[in-house]
$ cat target.cif   # mmCIF, C-alpha atoms
data_start
#
loop_
_atom_site.label_atom_id
_atom_site.label_comp_id
_atom_site.auth_asym_id
_atom_site.auth_seq_id
_atom_site.Cartn_x
_atom_site.Cartn_y
_atom_site.Cartn_z
CA MET A 20 101.19 -181.04 150.96
CA ASN A 21 99.49 -178.90 153.60
CA PRO A 22 96.27 -177.51 152.06
CA SER A 23 97.13 -174.05 153.36
CA THR A 24 100.39 -174.00 151.38
CA SER A 25 99.59 -176.17 148.34
CA GLY A 26 98.79 -173.06 146.30
CA LEU A 27 101.32 -170.82 148.02
CA ARG A 28 102.38 -167.86 145.88
CA ILE A 29 106.17 -167.76 146.08
CA SER A 30 108.37 -164.91 144.92
CA VAL A 31 111.88 -166.18 144.21
CA ILE A 32 114.55 -163.50 144.66
CA LEU A 33 117.97 -163.89 143.01
CA PRO A 34 120.66 -161.33 143.89
CA THR A 35 123.43 -161.45 141.33
CA ARG A 36 126.70 -159.78 140.45
CA ASN A 37 128.96 -160.84 137.59
CA SER A 38 127.38 -164.29 137.35
CA GLY A 39 126.94 -164.51 133.60
CA ASP A 40 128.18 -168.10 133.49
CA THR A 41 125.64 -169.42 136.03
CA LEU A 42 122.60 -167.12 136.07
CA GLU A 43 120.60 -168.61 133.20
CA ALA A 44 120.82 -172.17 134.53
CA CYS A 45 119.79 -170.93 137.96
CA VAL A 46 116.67 -169.16 136.68
CA GLU A 47 115.68 -172.07 134.45
CA SER A 48 115.95 -174.49 137.38
CA VAL A 49 113.52 -172.34 139.36
CA LEU A 50 111.05 -172.10 136.48
CA ALA A 51 111.12 -175.90 136.11
CA SER A 52 110.13 -176.40 139.74
CA ASP A 53 107.36 -178.78 140.77
CA HIS A 54 105.79 -175.82 142.61
CA PRO A 55 105.87 -173.06 139.97
CA PRO A 56 106.80 -169.71 141.51
CA LEU A 57 104.59 -166.68 141.10
CA GLU A 58 107.63 -164.74 139.87
CA VAL A 59 111.40 -164.74 139.71
CA LEU A 60 112.97 -161.39 140.62
CA VAL A 61 116.57 -161.05 139.43
CA VAL A 62 118.37 -158.14 141.09
CA ASP A 63 121.61 -157.24 139.30
CA ASP A 64 123.99 -155.49 141.68
CA ALA A 65 125.70 -153.38 139.00
CA SER A 66 127.40 -156.25 137.17
CA VAL A 67 130.17 -155.43 134.69
CA ASP A 68 130.14 -158.71 132.75
CA GLU A 69 127.47 -160.16 130.48
CA THR A 70 124.94 -160.50 133.34
CA PRO A 71 122.78 -157.47 132.33
CA GLY A 72 122.27 -158.88 128.84
CA ILE A 73 121.35 -162.29 130.24
CA VAL A 74 118.80 -160.70 132.58
CA THR A 75 117.26 -158.84 129.63
CA SER A 76 117.10 -162.04 127.59
CA LEU A 77 115.43 -163.96 130.43
CA THR A 78 112.81 -161.27 131.00
CA GLN A 79 112.01 -161.21 127.29
CA GLU A 80 111.75 -165.00 127.13
CA HIS A 81 109.57 -165.20 130.25
CA PRO A 82 107.83 -161.78 130.39
CA ASP A 83 105.14 -162.86 132.86
CA ARG A 84 107.41 -164.76 135.24
CA VAL A 85 110.91 -163.24 135.26
CA PHE A 86 111.47 -159.61 136.22
CA GLY A 87 114.83 -157.86 136.22
CA PHE A 88 116.14 -154.98 138.31
CA ARG A 89 119.52 -153.27 138.21
CA LEU A 90 121.11 -151.31 141.05
CA PRO A 91 123.08 -148.23 139.95
CA TYR A 92 126.23 -149.17 141.88
CA PRO A 93 127.38 -152.24 143.88
CA ARG A 94 125.56 -152.31 147.22
CA GLY A 95 126.00 -155.91 148.30
CA PRO A 96 123.76 -158.98 148.56
CA ALA A 97 121.83 -157.63 151.55
CA ALA A 98 120.68 -154.56 149.60
CA ALA A 99 119.97 -156.65 146.49
CA ARG A 100 117.79 -159.07 148.44
CA ASN A 101 115.92 -156.21 150.11
CA HIS A 102 115.34 -154.57 146.74
CA GLY A 103 113.81 -157.75 145.38
CA ALA A 104 111.66 -158.18 148.48
CA ARG A 105 110.25 -154.67 148.13
CA HIS A 106 108.98 -155.52 144.63
CA ALA A 107 107.76 -159.04 145.46
CA ARG A 108 104.05 -159.85 145.27
CA GLY A 109 104.13 -163.33 146.77
CA GLU A 110 102.91 -164.45 150.16
CA ALA A 111 106.29 -166.12 150.66
CA LEU A 112 109.79 -165.04 149.67
CA PHE A 113 112.43 -167.55 148.61
CA PHE A 114 116.04 -166.39 148.27
CA LEU A 115 118.49 -168.22 146.03
CA ASP A 116 122.07 -167.37 145.07
CA SER A 117 122.72 -167.08 141.35
CA ASP A 118 125.67 -169.53 141.37
CA THR A 119 123.35 -172.40 142.27
CA VAL A 120 120.81 -174.67 140.59
CA LEU A 121 117.65 -175.47 142.53
CA LEU A 122 116.93 -179.19 142.56
CA PRO A 123 113.48 -180.47 141.49
CA GLY A 124 111.01 -180.73 144.33
CA SER A 125 112.67 -178.11 146.52
CA LEU A 126 110.02 -175.40 146.22
CA GLY A 127 107.29 -177.95 146.93
CA VAL A 128 109.10 -179.10 150.08
CA PHE A 129 109.63 -175.46 151.05
CA ALA A 130 105.93 -174.64 150.66
CA GLU A 131 104.91 -177.66 152.71
CA ALA A 132 107.43 -176.97 155.48
CA LEU A 133 106.44 -173.30 155.69
CA GLY A 134 102.99 -174.41 156.81
CA GLY A 135 104.49 -175.30 160.19
CA CYS A 136 107.02 -172.54 160.78
CA ASP A 137 107.95 -168.94 159.94
CA ALA A 138 111.08 -169.53 157.85
CA VAL A 139 112.88 -172.40 156.12
CA THR A 140 116.58 -172.76 155.41
CA GLY A 141 117.69 -175.34 152.87
CA THR A 142 120.96 -177.11 152.13
CA TYR A 143 123.56 -177.61 149.42
CA ASP A 144 123.59 -180.84 147.45
CA ALA A 145 126.41 -183.35 147.99
CA GLU A 146 127.48 -182.85 144.36
CA ALA A 147 129.11 -179.61 143.21
CA LEU A 148 128.16 -177.84 139.99
CA ASN A 149 131.79 -177.52 138.95
CA PRO A 150 134.46 -180.25 138.64
CA GLY A 151 137.55 -180.66 140.79
CA TRP A 152 138.46 -182.28 144.09
CA VAL A 153 138.21 -179.06 146.12
CA PRO A 154 134.63 -178.27 145.00
CA ALA A 155 133.77 -181.97 145.51
CA TYR A 156 135.12 -181.83 149.07
CA LYS A 157 133.29 -178.60 149.89
CA ALA A 158 129.98 -179.92 148.56
CA LEU A 159 130.28 -183.07 150.68
CA PHE A 160 131.31 -181.06 153.74
CA ASP A 161 128.45 -178.57 153.57
CA HIS A 162 125.87 -181.21 152.71
CA TYR A 163 126.89 -183.50 155.56
CA TYR A 164 126.95 -180.88 158.28
CA PHE A 165 123.68 -179.30 157.21
CA THR A 166 121.80 -182.60 156.96
CA CYS A 167 123.25 -184.83 159.69
CA ARG A 168 120.83 -183.45 162.30
CA GLY A 169 117.73 -183.69 160.11
CA LYS A 170 114.96 -181.09 160.37
CA VAL A 171 115.95 -178.84 163.29
CA PRO A 172 115.53 -175.21 164.39
CA LEU A 173 118.34 -173.02 163.07
CA GLN A 174 119.49 -169.56 164.05
CA VAL A 175 121.23 -168.73 160.78
CA PHE A 176 119.00 -167.81 157.83
CA SER A 177 121.25 -169.01 155.02
CA ALA A 178 119.86 -166.93 152.16
CA ALA A 179 121.78 -168.86 149.52
CA VAL A 180 118.79 -171.23 149.62
CA ALA A 181 116.11 -170.16 152.12
CA GLY A 182 112.70 -168.55 152.38
CA LEU A 183 110.06 -167.21 154.74
CA TRP A 184 106.66 -165.58 154.91
CA ALA A 185 106.74 -162.12 153.33
CA GLU A 186 105.04 -160.54 156.34
CA VAL A 187 107.69 -162.04 158.64
CA PHE A 188 110.46 -160.59 156.48
CA ARG A 189 108.88 -157.15 156.69
CA GLU A 190 108.36 -157.49 160.43
CA VAL A 191 112.00 -158.41 161.05
CA GLY A 192 113.13 -155.50 158.88
CA GLY A 193 115.05 -157.17 156.08
CA PHE A 194 118.79 -157.60 155.76
CA ASP A 195 121.27 -155.10 157.18
CA GLU A 196 122.40 -153.14 154.13
CA SER A 197 125.52 -151.85 155.88
CA LEU A 198 126.95 -155.36 155.35
CA ARG A 199 128.38 -155.15 151.85
CA TRP A 200 130.04 -157.60 149.43
CA GLY A 201 132.79 -159.56 151.14
CA MET A 202 131.48 -159.11 154.68
CA ASP A 203 129.62 -162.40 154.45
CA TYR A 204 127.65 -162.46 157.68
CA GLU A 205 124.44 -160.66 156.72
CA CYS A 206 122.66 -164.04 156.94
CA GLU A 207 123.87 -164.62 160.51
CA GLU A 208 122.85 -161.11 161.54
CA PHE A 209 119.41 -161.42 159.93
CA GLY A 210 118.93 -164.89 161.40
CA GLU A 211 119.71 -163.64 164.88
CA ARG A 212 116.96 -161.01 164.64
CA LEU A 213 114.56 -163.41 162.94
CA THR A 214 114.80 -166.15 165.54
CA ARG A 215 114.24 -163.89 168.51
CA SER A 216 110.51 -164.31 167.91
CA HIS A 217 110.12 -166.64 164.90
CA LEU A 218 110.86 -170.29 164.11
CA ASN A 219 113.40 -170.96 161.36
CA LEU A 220 113.69 -174.63 160.41
CA LEU A 221 116.57 -176.32 158.61
CA VAL A 222 114.84 -178.57 156.06
CA PRO A 223 117.21 -180.96 154.21
CA GLY A 224 114.68 -181.51 151.40
CA VAL A 225 115.14 -177.95 150.14
CA VAL A 226 118.32 -178.39 148.09
CA ALA A 227 120.45 -176.36 145.69
CA ARG A 228 123.54 -177.53 143.83
CA HIS A 229 126.30 -174.96 144.24
CA ARG A 230 129.37 -173.83 142.32
CA PHE A 231 132.21 -173.86 144.86
CA PRO A 232 135.52 -171.96 144.69
CA ARG A 233 138.87 -173.64 144.12
CA LEU A 234 141.67 -173.84 146.66
CA GLY A 235 143.17 -170.34 146.44
CA ARG A 236 139.88 -168.53 146.65
CA LEU A 237 138.52 -170.95 149.25
CA THR A 238 141.56 -170.29 151.45
CA CYS A 239 141.00 -166.53 151.30
CA LEU A 240 137.29 -167.01 151.89
CA TYR A 241 137.81 -169.20 154.97
CA PHE A 242 140.38 -166.85 156.48
CA ARG A 243 138.28 -163.73 155.93
CA ARG A 244 135.06 -165.29 157.18
CA ALA A 245 136.71 -166.80 160.25
CA ALA A 246 138.14 -163.40 161.17
CA GLN A 247 134.83 -161.64 160.60
CA TRP A 248 132.72 -164.26 162.38
CA ALA A 249 135.05 -164.36 165.39
CA GLU A 250 134.81 -160.60 165.69
CA PHE A 251 131.05 -160.55 165.11
CA PHE A 252 130.22 -163.37 167.53
CA LEU A 253 132.74 -162.52 170.28
CA TRP A 254 130.04 -160.97 172.44
CA ARG A 255 127.27 -163.32 171.27
CA THR A 256 127.95 -166.32 173.49
CA GLY A 257 125.32 -168.95 173.01
CA PHE A 258 124.71 -168.04 169.38
CA ASP A 259 123.87 -171.30 167.63
CA THR A 260 124.55 -171.32 163.92
CA GLY A 261 123.24 -174.88 163.75
CA ALA A 262 124.90 -177.35 161.43
CA HIS A 263 128.64 -177.79 161.94
CA LYS A 264 129.46 -174.79 164.15
CA THR A 265 129.06 -176.72 167.41
CA LEU A 266 131.44 -176.74 170.37
CA GLU A 267 132.67 -180.24 169.55
CA THR A 268 133.51 -179.35 165.96
CA ALA A 269 135.01 -176.01 166.98
CA LEU A 270 137.44 -177.85 169.26
CA ALA A 271 138.22 -180.31 166.48
CA THR A 272 138.89 -177.40 164.10
CA LEU A 273 141.32 -175.78 166.55
CA SER A 274 143.15 -179.05 167.20
CA PRO A 275 145.45 -179.10 164.11
CA ALA A 276 146.79 -175.66 165.05
CA LEU A 277 147.19 -176.76 168.68
CA ALA A 278 149.00 -179.90 167.53
CA LEU A 279 151.54 -177.83 165.60
CA LEU A 280 151.90 -175.28 168.39
CA SER A 281 152.54 -178.04 170.94
CA LEU A 282 155.35 -179.63 168.91
CA PRO A 283 158.18 -177.47 170.36
CA LEU A 284 156.95 -178.19 173.88
CA ALA A 285 156.78 -181.92 173.13
CA LEU A 286 160.34 -181.89 171.75
CA LEU A 287 161.73 -179.96 174.71
CA CYS A 288 159.87 -181.71 177.49
CA PRO A 289 159.36 -185.51 177.43
CA ALA A 290 156.31 -185.21 179.70
CA PHE A 291 154.42 -183.47 176.87
CA ARG A 292 155.39 -185.77 174.01
CA GLY A 293 151.87 -187.12 173.74
CA LEU A 294 150.27 -183.69 173.44
CA PRO A 295 150.46 -183.33 169.62
CA PHE A 296 148.99 -186.83 169.25
CA PHE A 297 146.19 -185.93 171.66
CA PHE A 298 145.24 -182.93 169.52
CA LEU A 299 145.46 -184.97 166.32
CA ALA A 300 143.14 -187.56 167.86
CA THR A 301 140.74 -184.79 168.91
CA TRP A 302 140.68 -183.54 165.32
CA LEU A 303 140.06 -186.98 163.84
CA LEU A 304 137.34 -187.88 166.34
CA GLY A 305 135.62 -184.52 165.91
CA TYR A 306 135.34 -185.02 162.15
CA LEU A 307 134.96 -188.81 162.20
CA GLY A 308 131.31 -188.70 161.11
CA PHE A 309 132.20 -186.55 158.10
CA PHE A 310 135.15 -188.73 157.10
CA ARG A 311 132.91 -191.80 157.26
CA PHE A 312 130.39 -190.00 155.07
CA VAL A 313 133.11 -189.25 152.50
CA ALA A 314 134.26 -192.88 152.62
CA ARG A 315 130.73 -194.01 151.78
CA ARG A 316 129.93 -191.43 149.11
CA ARG A 317 133.32 -190.79 147.48
CA PRO A 318 135.90 -193.29 148.82
CA GLY A 319 138.50 -192.14 146.31
CA LEU A 320 138.32 -188.64 147.80
CA LEU A 321 138.99 -189.67 151.41
CA GLY A 322 142.74 -188.99 151.39
CA ALA A 323 142.25 -185.56 149.83
CA ALA A 324 139.43 -184.85 152.29
CA LEU A 325 141.69 -185.60 155.26
CA GLY A 326 144.46 -183.35 153.96
CA LEU A 327 142.17 -180.52 152.93
CA ASN A 328 140.23 -180.62 156.19
CA PHE A 329 143.49 -180.37 158.17
CA TYR A 330 144.70 -177.48 156.02
CA LEU A 331 141.43 -175.54 156.19
CA ALA A 332 141.28 -176.06 159.96
CA LEU A 333 144.63 -174.27 160.19
CA VAL A 334 143.32 -171.45 157.99
CA LEU A 335 140.19 -171.09 160.13
CA SER A 336 142.20 -171.06 163.36
CA LEU A 337 144.51 -168.36 162.04
CA GLY A 338 141.59 -166.28 160.79
CA ALA A 339 139.71 -166.65 164.08
CA GLY A 340 142.80 -165.58 166.00
CA VAL A 341 143.12 -162.46 163.86
CA GLY A 342 139.43 -161.67 164.30
CA LEU A 343 139.49 -162.09 168.07
CA GLY A 344 142.61 -159.97 168.34
CA ARG A 345 141.02 -157.26 166.23
CA ALA A 346 137.83 -157.32 168.31
CA LEU A 347 139.69 -157.14 171.61
CA PHE A 348 141.85 -154.29 170.33
CA LYS A 349 138.74 -152.34 169.35
CA ARG A 350 137.17 -153.00 172.74
CA ILE A 351 140.30 -151.80 174.56
CA ARG A 352 140.47 -148.65 172.43
CA THR A 353 136.84 -147.76 173.18
CA ALA A 354 136.99 -148.69 176.88
#

$ encode --input "target.cif" --output "structure tokens"
Amino acid sequence: MNPSTSGLRISVILPTRNSGDTLEACVESVLASDHPPLEVLVVDDASVDETPGIVTSLTQEHPDRVFGFRLPYPRGPAAARNHGARHARGEALFFLDSDTVLLPGSLGVFAEALGGCDAVTGTYDAEALNPGWVPAYKALFDHYYFTCRGKVPLQVFSAAVAGLWAEVFREVGGFDESLRWGMDYECEEFGERLTRSHLNLLVPGVVARHRFPRLGRLTCLYFRRAAQWAEFFLWRTGFDTGAHKTLETALATLSPALALLSLPLALLCPAFRGLPFFFLATWLLGYLGFFRFVARRRPGLLGAALGLNFYLALVLSLGAGVGLGRALFKRIRTA
């Protein structure tokens, strides 16, 4: 470990809302880290389940290490993270979502990596916290696309598992608190400001195991985020989210929708009969690396991964279309 960061004082900040079934395991995983944090700051965003009682219990059990805060009304993860940062005493801030478990060694890797950059974004583990084929697929998908390039600069600061120097956080100005629960792109917006003048590295050795949603909720989540991201990034050409949001994969994601849309043309005009197959091939080739990864790690899941990837690509395409249409309509109205 770099001597300058071997004794790094890290404040771990956990925003939480209605996470009574996951919060305790999350906090305990942080406290068991190989690089003990200076403090764990749990910011409860006005939960209405058993979360407040769990926060109280944790602060009583670890009075010198765990500190709880409660916001008077729901303000969103951006405000909760900022609230924790304002009370943090560490030289470095590490943000972690409360529906995750931090894997052993992650804070040590974070501290070492921070010696050579301004911010570090970690990854999700290839195993999900919860059972089921949909969570299993999502864990494999996120892990593959956030590790296949190794340690690289990243424009998104994925605050589900990420950290930075406290002075850098203050300089950048924190998260945009106008982005509330369900808006889901406060990390992209913060990362864009951060990387204008600071280096954010994606470090695969900083890993959290995540609890992923099931199919119904994941469908809604993908549609909403695709619409919001398309609207948000419409005028940000060249914005690199790193990981899987590359041009090649974007084209592969659009291809299932294009294959279906081209079917009537292929049926009506013999000259275009190969068009749906071309788009299907584009989809398969674009995700070939991921499908090979699934075949190696979970061969029994490959068929489900193919079907779910195709389905979610359709959801993303529809959401992106709605978002772009909404953004263009707003631009026309204000022109």

$ resolve_selection --input "target.cif" --expression "the PyMOL selection byres ((chain A and resi 164) around 12)" --output "number ranges by chain"
A: 142-145, 157-163, 165-169, 221, 223, 260-265, 268, 306-310, 312-313

$ resolve_selection --input "target.cif" --expression "the PyMOL selection byres ((chain A and resi 193) around 12)" --output "PyMOL selection string"
chain A and resi 96-105+112+176+178+183-192+194-197+205-206+208-213

$ closest_residue --input "target.cif" --among "A:Ser25, A:Ser117, A:Ser125, A:Thr272" --to "A:Gly141" --atoms "all atoms listed in the file"
A:Ser125

$ resolve_selection --input "target.cif" --expression "the PyMOL selection byres ((chain A and resi 87) around 8)" --output "compact mmCIF listing (two decimals) with C-alpha atoms, keeping the file's coordinate frame"
# COMPACT_ATOMS: atom_id res chain seq x y z
CA LEU A 60 112.97 -161.39 140.62
CA VAL A 61 116.57 -161.05 139.43
CA VAL A 62 118.37 -158.14 141.09
CA ASP A 63 121.61 -157.24 139.30
CA VAL A 74 118.80 -160.70 132.58
CA THR A 75 117.26 -158.84 129.63
CA THR A 78 112.81 -161.27 131.00
CA VAL A 85 110.91 -163.24 135.26
CA PHE A 86 111.47 -159.61 136.22
CA PHE A 88 116.14 -154.98 138.31
CA ARG A 89 119.52 -153.27 138.21

$ residues_around --input "target.cif" --residues "stretch 292-299 of chain A" --least-positions-apart "5" --cutoff "8 Å" --atoms "only C-alpha atoms" --output "list in words"
Ser274, Pro275, Leu277, Ala278, Leu279, Ser281, Leu282, Leu284, Ala285 and Leu286 of chain A

$ write_last_selection --input "target.cif" --atoms "C-alpha atoms" --output "PDB file, in the coordinates of the input"
ATOM      1  CA  SER A 274     143.150-179.050 167.200  1.00  0.00           C
ATOM      2  CA  PRO A 275     145.450-179.100 164.110  1.00  0.00           C
ATOM      3  CA  LEU A 277     147.190-176.760 168.680  1.00  0.00           C
ATOM      4  CA  ALA A 278     149.000-179.900 167.530  1.00  0.00           C
ATOM      5  CA  LEU A 279     151.540-177.830 165.600  1.00  0.00           C
ATOM      6  CA  SER A 281     152.540-178.040 170.940  1.00  0.00           C
ATOM      7  CA  LEU A 282     155.350-179.630 168.910  1.00  0.00           C
ATOM      8  CA  LEU A 284     156.950-178.190 173.880  1.00  0.00           C
ATOM      9  CA  ALA A 285     156.780-181.920 173.130  1.00  0.00           C
ATOM     10  CA  LEU A 286     160.340-181.890 171.750  1.00  0.00           C
TER      11      LEU A 286
END

$ closest_residue --input "target.cif" --among "A:Leu42, A:Val334, A:Val67, A:Val120" --to "A:Arg244" --atoms "only C-alpha atoms"
A:Val334

$ residues_near_point --input "target.cif" --point "(135.0, -166.9, 158.3)" --cutoff "9 Å" --atoms "only C-alpha atoms" --output "list in words"
Asp203, Tyr204, Leu240, Tyr241, Phe242, Arg243, Arg244, Ala245, Ala246, Gln247, Trp248, Ala249, Leu335, Gly338 and Ala339 of chain A

$ atom_distance --input "target.cif" --atom1 "atom CA of A:Ala227" --atom2 "atom CA of A:Tyr330"
26.4 Å

$ closest_residue --input "target.cif" --among "A:His54, A:Arg311, A:Arg228, A:Arg215" --to "A:Gly124" --atoms "all atoms listed in the file"
A:His54

$ closest_residue --input "target.cif" --among "A:Val139, A:Ala130, A:Leu237, A:Pro150" --to "A:Val175" --atoms "all atoms listed in the file"
A:Val139

$ residues_around --input "target.cif" --residues "A:Gly127" --least-positions-apart "2" --cutoff "10 Å" --atoms "all atoms listed in the file" --output "list in words"
Met20, Thr24, Ser25, Gly26, Leu27, Ser52, Asp53, His54, Pro55, Pro56, Pro123, Gly124, Ser125, Phe129, Ala130, Glu131, Ala132, Leu133, Gly224 and Val225 of chain A

$ closest_residue --input "target.cif" --among "A:Ala271, A:Leu33, A:Val341, A:Leu218" --to "A:Phe329" --atoms "all atoms listed in the file"
A:Ala271

$ closest_residue --input "target.cif" --among "A:Asn328, A:Arg36, A:Cys45, A:Leu343" --to "A:Ser66" --atoms "only C-alpha atoms"
A:Arg36

$ atom_distance --input "target.cif" --atom1 "atom CA of A:Glu43" --atom2 "atom CA of A:Leu77"
7.5 Å
